[in-house]
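Dumped final-v1.txt below, it's compact mmCIF, C-alpha atoms:
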```txt
# COMPACT_ATOMS: atom_id res chain seq x y z
CA MET A 1 51.41 25.06 46.73
CA GLU A 2 49.29 27.44 44.73
CA SER A 3 45.60 28.09 45.06
CA GLU A 4 43.37 25.73 43.08
CA ILE A 5 42.05 28.70 41.12
CA LEU A 6 45.50 29.71 39.86
CA VAL A 7 46.59 26.28 38.60
CA ARG A 8 45.16 25.59 35.16
CA PRO A 9 46.65 22.77 33.11
CA ASN A 10 47.77 23.39 29.54
CA VAL A 11 47.80 19.64 28.86
CA VAL A 12 46.16 16.61 30.51
CA VAL A 13 47.72 13.14 30.46
CA ASP A 14 45.55 10.34 31.85
CA MET A 15 47.73 7.37 32.83
CA THR A 16 45.03 5.70 34.94
CA GLY A 17 45.49 1.94 34.83
CA GLN A 18 49.20 2.17 33.98
CA VAL A 19 51.80 0.96 36.49
CA CYS A 20 55.09 2.61 37.29
CA PRO A 21 57.24 3.76 35.59
CA HIS A 22 54.72 4.43 32.78
CA PRO A 23 52.94 7.43 34.41
CA LEU A 24 56.28 9.18 34.98
CA LEU A 25 57.48 8.36 31.47
CA GLY A 26 54.22 9.66 30.00
CA ALA A 27 54.54 12.91 31.94
CA LYS A 28 58.19 13.26 30.95
CA ARG A 29 57.44 12.80 27.25
CA MET A 30 54.67 15.39 27.33
CA LEU A 31 56.67 17.93 29.35
CA GLU A 32 59.50 17.70 26.80
CA GLU A 33 57.07 19.20 24.24
CA MET A 34 55.82 21.95 26.55
CA ASN A 35 57.19 25.44 27.22
CA VAL A 36 58.75 26.53 30.51
CA GLY A 37 55.99 27.66 32.88
CA GLU A 38 53.22 25.58 31.32
CA VAL A 39 51.34 23.12 33.53
CA LEU A 40 50.70 19.43 32.90
CA LEU A 41 47.90 17.59 34.70
CA LEU A 42 48.93 13.95 35.20
CA LYS A 43 46.23 11.51 36.35
CA SER A 44 47.45 8.24 37.86
CA ASP A 45 46.17 5.52 40.15
CA CYS A 46 49.57 3.82 40.57
CA PRO A 47 50.69 4.24 44.21
CA GLY A 48 54.35 4.57 43.17
CA THR A 49 53.73 7.61 40.99
CA ARG A 50 53.85 10.08 43.91
CA HIS A 51 57.37 9.09 44.98
CA ASP A 52 58.67 8.80 41.40
CA LEU A 53 57.15 12.10 40.27
CA PHE A 54 58.27 14.19 43.26
CA SER A 55 61.82 12.75 43.13
CA TRP A 56 62.04 13.28 39.38
CA ALA A 57 60.65 16.82 39.54
CA LYS A 58 63.16 17.78 42.22
CA VAL A 59 66.18 16.91 40.08
CA THR A 60 64.83 18.03 36.72
CA GLY A 61 63.83 21.56 37.64
CA ASN A 62 60.11 20.84 37.25
CA GLU A 63 57.65 21.51 40.08
CA VAL A 64 54.66 19.57 41.36
CA VAL A 65 52.54 22.56 42.33
CA ARG A 66 49.53 20.60 43.52
CA SER A 67 48.29 17.04 43.96
CA GLU A 68 44.92 15.73 44.98
CA THR A 69 43.52 12.22 45.30
CA GLY A 70 39.97 11.81 44.09
CA PRO A 71 37.40 9.07 43.67
CA GLY A 72 38.69 5.63 42.78
CA GLY A 73 42.18 6.37 44.06
CA VAL A 74 43.08 8.49 41.03
CA THR A 75 45.53 11.24 41.97
CA GLU A 76 45.83 14.39 39.90
CA TYR A 77 49.32 15.91 39.83
CA TYR A 78 49.78 19.45 38.49
CA VAL A 79 53.34 19.72 37.22
CA ARG A 80 54.82 23.04 36.06
CA LYS A 81 57.62 22.73 33.54
CA GLY A 82 60.79 24.37 34.77
CA LYS A 83 64.24 24.85 33.39
CA LYS A 84 66.08 21.56 33.07
CA ALA A 85 68.44 20.84 35.93
CA VAL A 86 71.56 18.88 35.13
CA THR A 87 72.09 15.72 37.14
CA ALA A 88 75.63 14.44 36.84
CA PRO A 89 75.89 10.74 37.62
CA ASP A 90 78.26 9.56 40.34
CA VAL A 91 78.85 6.35 38.41
CA THR A 92 78.16 5.12 34.86
CA LEU A 93 77.48 1.46 34.09
CA ASP A 94 77.43 0.50 30.41
CA VAL A 95 75.77 -2.87 29.90
CA THR A 96 75.06 -2.58 26.18
CA GLY A 97 74.64 -5.99 24.63
CA LEU A 98 73.48 -7.57 27.89
CA VAL A 99 69.89 -8.91 27.79
CA CYS A 100 67.37 -8.54 30.61
CA PRO A 101 67.46 -9.14 33.51
CA GLY A 102 71.24 -8.64 33.14
CA PRO A 103 71.23 -4.82 33.29
CA VAL A 104 69.33 -4.78 36.61
CA VAL A 105 71.45 -7.63 38.03
CA GLU A 106 74.65 -5.71 37.23
CA ALA A 107 73.20 -2.42 38.50
CA LYS A 108 72.30 -4.08 41.84
CA LYS A 109 75.95 -5.09 42.31
CA ILE A 110 77.13 -1.50 41.88
CA PHE A 111 74.27 -0.05 43.97
CA ASN A 112 75.38 -2.15 46.96
CA ALA A 113 78.55 -0.03 47.14
CA MET A 114 76.83 3.32 46.52
CA ALA A 115 75.60 5.70 49.22
CA PRO A 116 71.94 6.75 49.39
CA GLY A 117 71.34 9.76 47.16
CA GLN A 118 74.08 8.92 44.67
CA VAL A 119 73.10 8.69 41.01
CA MET A 120 73.92 5.96 38.51
CA LYS A 121 73.72 6.29 34.74
CA LEU A 122 72.82 2.85 33.39
CA VAL A 123 73.25 2.40 29.62
CA SER A 124 71.45 -0.54 28.02
CA THR A 125 70.34 -1.89 24.65
CA CYS A 126 67.92 -4.46 26.10
CA THR A 127 64.44 -3.85 24.67
CA SER A 128 62.82 -4.76 28.02
CA ALA A 129 65.08 -2.51 30.09
CA GLN A 130 62.53 0.30 30.49
CA ASP A 131 60.05 -2.00 32.21
CA GLU A 132 62.72 -3.93 34.12
CA VAL A 133 64.51 -0.83 35.46
CA GLY A 134 61.25 0.92 36.35
CA THR A 135 59.89 -2.12 38.18
CA TRP A 136 63.18 -2.59 40.06
CA CYS A 137 63.25 1.08 41.10
CA ALA A 138 59.64 0.99 42.31
CA ALA A 139 60.25 -2.21 44.29
CA THR A 140 63.47 -1.03 45.95
CA GLY A 141 62.78 2.62 46.71
CA ASN A 142 65.28 3.86 44.15
CA ALA A 143 64.18 6.80 42.00
CA LEU A 144 64.15 6.65 38.21
CA LEU A 145 65.07 10.26 37.45
CA ASP A 146 65.28 10.21 33.69
CA VAL A 147 65.23 7.91 30.67
CA GLN A 148 66.65 8.97 27.32
CA GLU A 149 67.18 7.18 24.05
CA THR A 150 70.72 8.43 23.40
CA GLU A 151 70.91 6.78 19.99
CA PRO A 152 68.65 4.28 18.22
CA SER A 153 67.93 1.37 20.60
CA VAL A 154 70.38 2.63 23.27
CA TRP A 155 68.78 3.81 26.52
CA ALA A 156 70.35 5.78 29.35
CA PHE A 157 68.65 5.58 32.76
CA LEU A 158 69.48 8.00 35.58
CA ILE A 159 68.73 6.24 38.88
CA ARG A 160 69.14 7.71 42.37
CA LYS A 161 69.79 5.23 45.17
CA GLY A 162 67.03 5.43 47.79
```
Show the structure stored in the file as structure tokens.
Amino acid sequence: MESEILVRPNVVVDMTGQVCPHPLLGAKRMLEEMNVGEVLLLKSDCPGTRHDLFSWAKVTGNEVVRSETGPGGVTEYYVRKGKKAVTAPDVTLDVTGLVCPGPVVEAKKIFNAMAPGQVMKLVSTCTSAQDEVGTWCAATGNALLDVQETEPSVWAFLIRKG
């Protein structure tokens, strides 16, 4: 970790009051617009943010250079944008057309046979999938590594089994 003096954020994103996966998704969206080496300050009071953010940063090439919990339980995470790391999924599950909670129900079936640390790419067209998948990951100790809209109304989730 770097000295407090050396870490200056280029951008601040305050996600206080938002529950997981929203703080991670907010940080991800902002970092996509930033240049390599720039620092994002993410503020969050969701207890799941720490696990999600550190797991996500590890596989995406970003770095949490500092974190500090302040008054009111708000933690400030300083995230330096790195070069994107490629995470190849071990398994892909395409559940397009299936409505929620179907995508998570089907993903659970596959996850039972997967080893900890393996990554699933879950493809869904359900409009509630972002909240459903994020809530499921937070509740089960799985890590939501990335979410991308691969085409209009089609979402790809990279999930690492915890």
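Residue nearest A:Cys137, chosen from A:Thr49, A:Thr16, A:Ser44, A:Asn62 and counting all atoms listed in the file: A:Thr49.
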field: Shell of 9 Å around stretch 143-147 of chain A, only C-alpha atoms, local chain residues under 5 positions omitted, as an NGL selection string
entry: :A and (21 or 24-25 or 28 or 51-53 or 55-57 or 59-60 or 87 or 119 or 130 or 133-134 or 137-138 or 155-162)
message: As an exercise, work out the distance from atom CA of A:Met30 to atom CA of A:Ser124 in Å and give it to one decimal place.
response: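 Computing it gives 23.1 Å between the two atoms.
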- prompt: Quick one: of A:Lys58, A:Asn35, A:Val91, A:Cys46, who's nearest to A:Gly73, counting all atoms listed in the file?
  reply: A:Cys46
- request: Work out how far apart atom CA of A:Thr125 and atom CA of A:Thr96 are and give it in Å to one decimal.
  value: 5.0 Å
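Computed from the coordinates, the atom CA of A:Val13 to atom CA of A:Arg50 distance equals 15.1 Å.
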Would you fill out stretch 115-137 of chain A with N, CA and C atoms and return it as a PDB file, in the frame of the given file?
```pdb
ATOM      1  N   ALA A 115      76.284   5.087  48.081  1.00  0.00           N
ATOM      2  CA  ALA A 115      75.600   5.700  49.220  1.00  0.00           C
ATOM      3  C   ALA A 115      74.215   6.176  48.792  1.00  0.00           C
ATOM      4  N   PRO A 116      73.266   6.206  49.721  1.00  0.00           N
ATOM      5  CA  PRO A 116      71.940   6.750  49.390  1.00  0.00           C
ATOM      6  C   PRO A 116      72.086   8.172  48.833  1.00  0.00           C
ATOM      7  N   GLY A 117      71.306   8.449  47.790  1.00  0.00           N
ATOM      8  CA  GLY A 117      71.340   9.760  47.160  1.00  0.00           C
ATOM      9  C   GLY A 117      72.266   9.847  45.955  1.00  0.00           C
ATOM     10  N   GLN A 118      73.198   8.902  45.839  1.00  0.00           N
ATOM     11  CA  GLN A 118      74.080   8.920  44.670  1.00  0.00           C
ATOM     12  C   GLN A 118      73.307   8.480  43.433  1.00  0.00           C
ATOM     13  N   VAL A 119      73.789   8.923  42.274  1.00  0.00           N
ATOM     14  CA  VAL A 119      73.100   8.690  41.010  1.00  0.00           C
ATOM     15  C   VAL A 119      73.946   7.819  40.083  1.00  0.00           C
ATOM     16  N   MET A 120      73.288   6.831  39.491  1.00  0.00           N
ATOM     17  CA  MET A 120      73.920   5.960  38.510  1.00  0.00           C
ATOM     18  C   MET A 120      73.324   6.238  37.134  1.00  0.00           C
ATOM     19  N   LYS A 121      74.175   6.266  36.135  1.00  0.00           N
ATOM     20  CA  LYS A 121      73.720   6.290  34.740  1.00  0.00           C
ATOM     21  C   LYS A 121      73.904   4.860  34.242  1.00  0.00           C
ATOM     22  N   LEU A 122      72.814   4.211  33.890  1.00  0.00           N
ATOM     23  CA  LEU A 122      72.820   2.850  33.390  1.00  0.00           C
ATOM     24  C   LEU A 122      72.510   2.900  31.899  1.00  0.00           C
ATOM     25  N   VAL A 123      73.413   2.386  31.079  1.00  0.00           N
ATOM     26  CA  VAL A 123      73.250   2.400  29.620  1.00  0.00           C
ATOM     27  C   VAL A 123      72.969   0.978  29.166  1.00  0.00           C
ATOM     28  N   SER A 124      71.871   0.800  28.412  1.00  0.00           N
ATOM     29  CA  SER A 124      71.450  -0.540  28.020  1.00  0.00           C
ATOM     30  C   SER A 124      70.843  -0.546  26.613  1.00  0.00           C
ATOM     31  N   THR A 125      70.980  -1.683  25.945  1.00  0.00           N
ATOM     32  CA  THR A 125      70.340  -1.890  24.650  1.00  0.00           C
ATOM     33  C   THR A 125      69.232  -2.942  24.726  1.00  0.00           C
ATOM     34  N   CYS A 126      68.969  -3.459  25.924  1.00  0.00           N
ATOM     35  CA  CYS A 126      67.920  -4.460  26.100  1.00  0.00           C
ATOM     36  C   CYS A 126      66.553  -3.816  25.874  1.00  0.00           C
ATOM     37  N   THR A 127      65.748  -4.419  25.009  1.00  0.00           N
ATOM     38  CA  THR A 127      64.440  -3.850  24.670  1.00  0.00           C
ATOM     39  C   THR A 127      63.469  -3.856  25.847  1.00  0.00           C
ATOM     40  N   SER A 128      63.692  -4.697  26.843  1.00  0.00           N
ATOM     41  CA  SER A 128      62.820  -4.760  28.020  1.00  0.00           C
ATOM     42  C   SER A 128      63.336  -3.914  29.175  1.00  0.00           C
ATOM     43  N   ALA A 129      64.445  -3.230  28.990  1.00  0.00           N
ATOM     44  CA  ALA A 129      65.080  -2.510  30.090  1.00  0.00           C
ATOM     45  C   ALA A 129      64.180  -1.448  30.712  1.00  0.00           C
ATOM     46  N   GLN A 130      63.380  -0.745  29.915  1.00  0.00           N
ATOM     47  CA  GLN A 130      62.530   0.300  30.490  1.00  0.00           C
ATOM     48  C   GLN A 130      61.593  -0.279  31.550  1.00  0.00           C
ATOM     49  N   ASP A 131      60.940  -1.375  31.237  1.00  0.00           N
ATOM     50  CA  ASP A 131      60.050  -2.000  32.210  1.00  0.00           C
ATOM     51  C   ASP A 131      60.824  -2.590  33.377  1.00  0.00           C
ATOM     52  N   GLU A 132      61.922  -3.274  33.082  1.00  0.00           N
ATOM     53  CA  GLU A 132      62.720  -3.930  34.120  1.00  0.00           C
ATOM     54  C   GLU A 132      63.289  -2.916  35.117  1.00  0.00           C
ATOM     55  N   VAL A 133      63.892  -1.842  34.597  1.00  0.00           N
ATOM     56  CA  VAL A 133      64.510  -0.830  35.460  1.00  0.00           C
ATOM     57  C   VAL A 133      63.437  -0.115  36.273  1.00  0.00           C
ATOM     58  N   GLY A 134      62.331   0.251  35.639  1.00  0.00           N
ATOM     59  CA  GLY A 134      61.250   0.920  36.350  1.00  0.00           C
ATOM     60  C   GLY A 134      60.650   0.069  37.452  1.00  0.00           C
ATOM     61  N   THR A 135      60.441  -1.208  37.180  1.00  0.00           N
ATOM     62  CA  THR A 135      59.890  -2.120  38.180  1.00  0.00           C
ATOM     63  C   THR A 135      60.861  -2.294  39.334  1.00  0.00           C
ATOM     64  N   TRP A 136      62.158  -2.446  39.019  1.00  0.00           N
ATOM     65  CA  TRP A 136      63.180  -2.590  40.060  1.00  0.00           C
ATOM     66  C   TRP A 136      63.234  -1.343  40.938  1.00  0.00           C
ATOM     67  N   CYS A 137      63.207  -0.163  40.330  1.00  0.00           N
ATOM     68  CA  CYS A 137      63.250   1.080  41.100  1.00  0.00           C
ATOM     69  C   CYS A 137      62.039   1.184  42.029  1.00  0.00           C
TER      70      CYS A 137
END
```
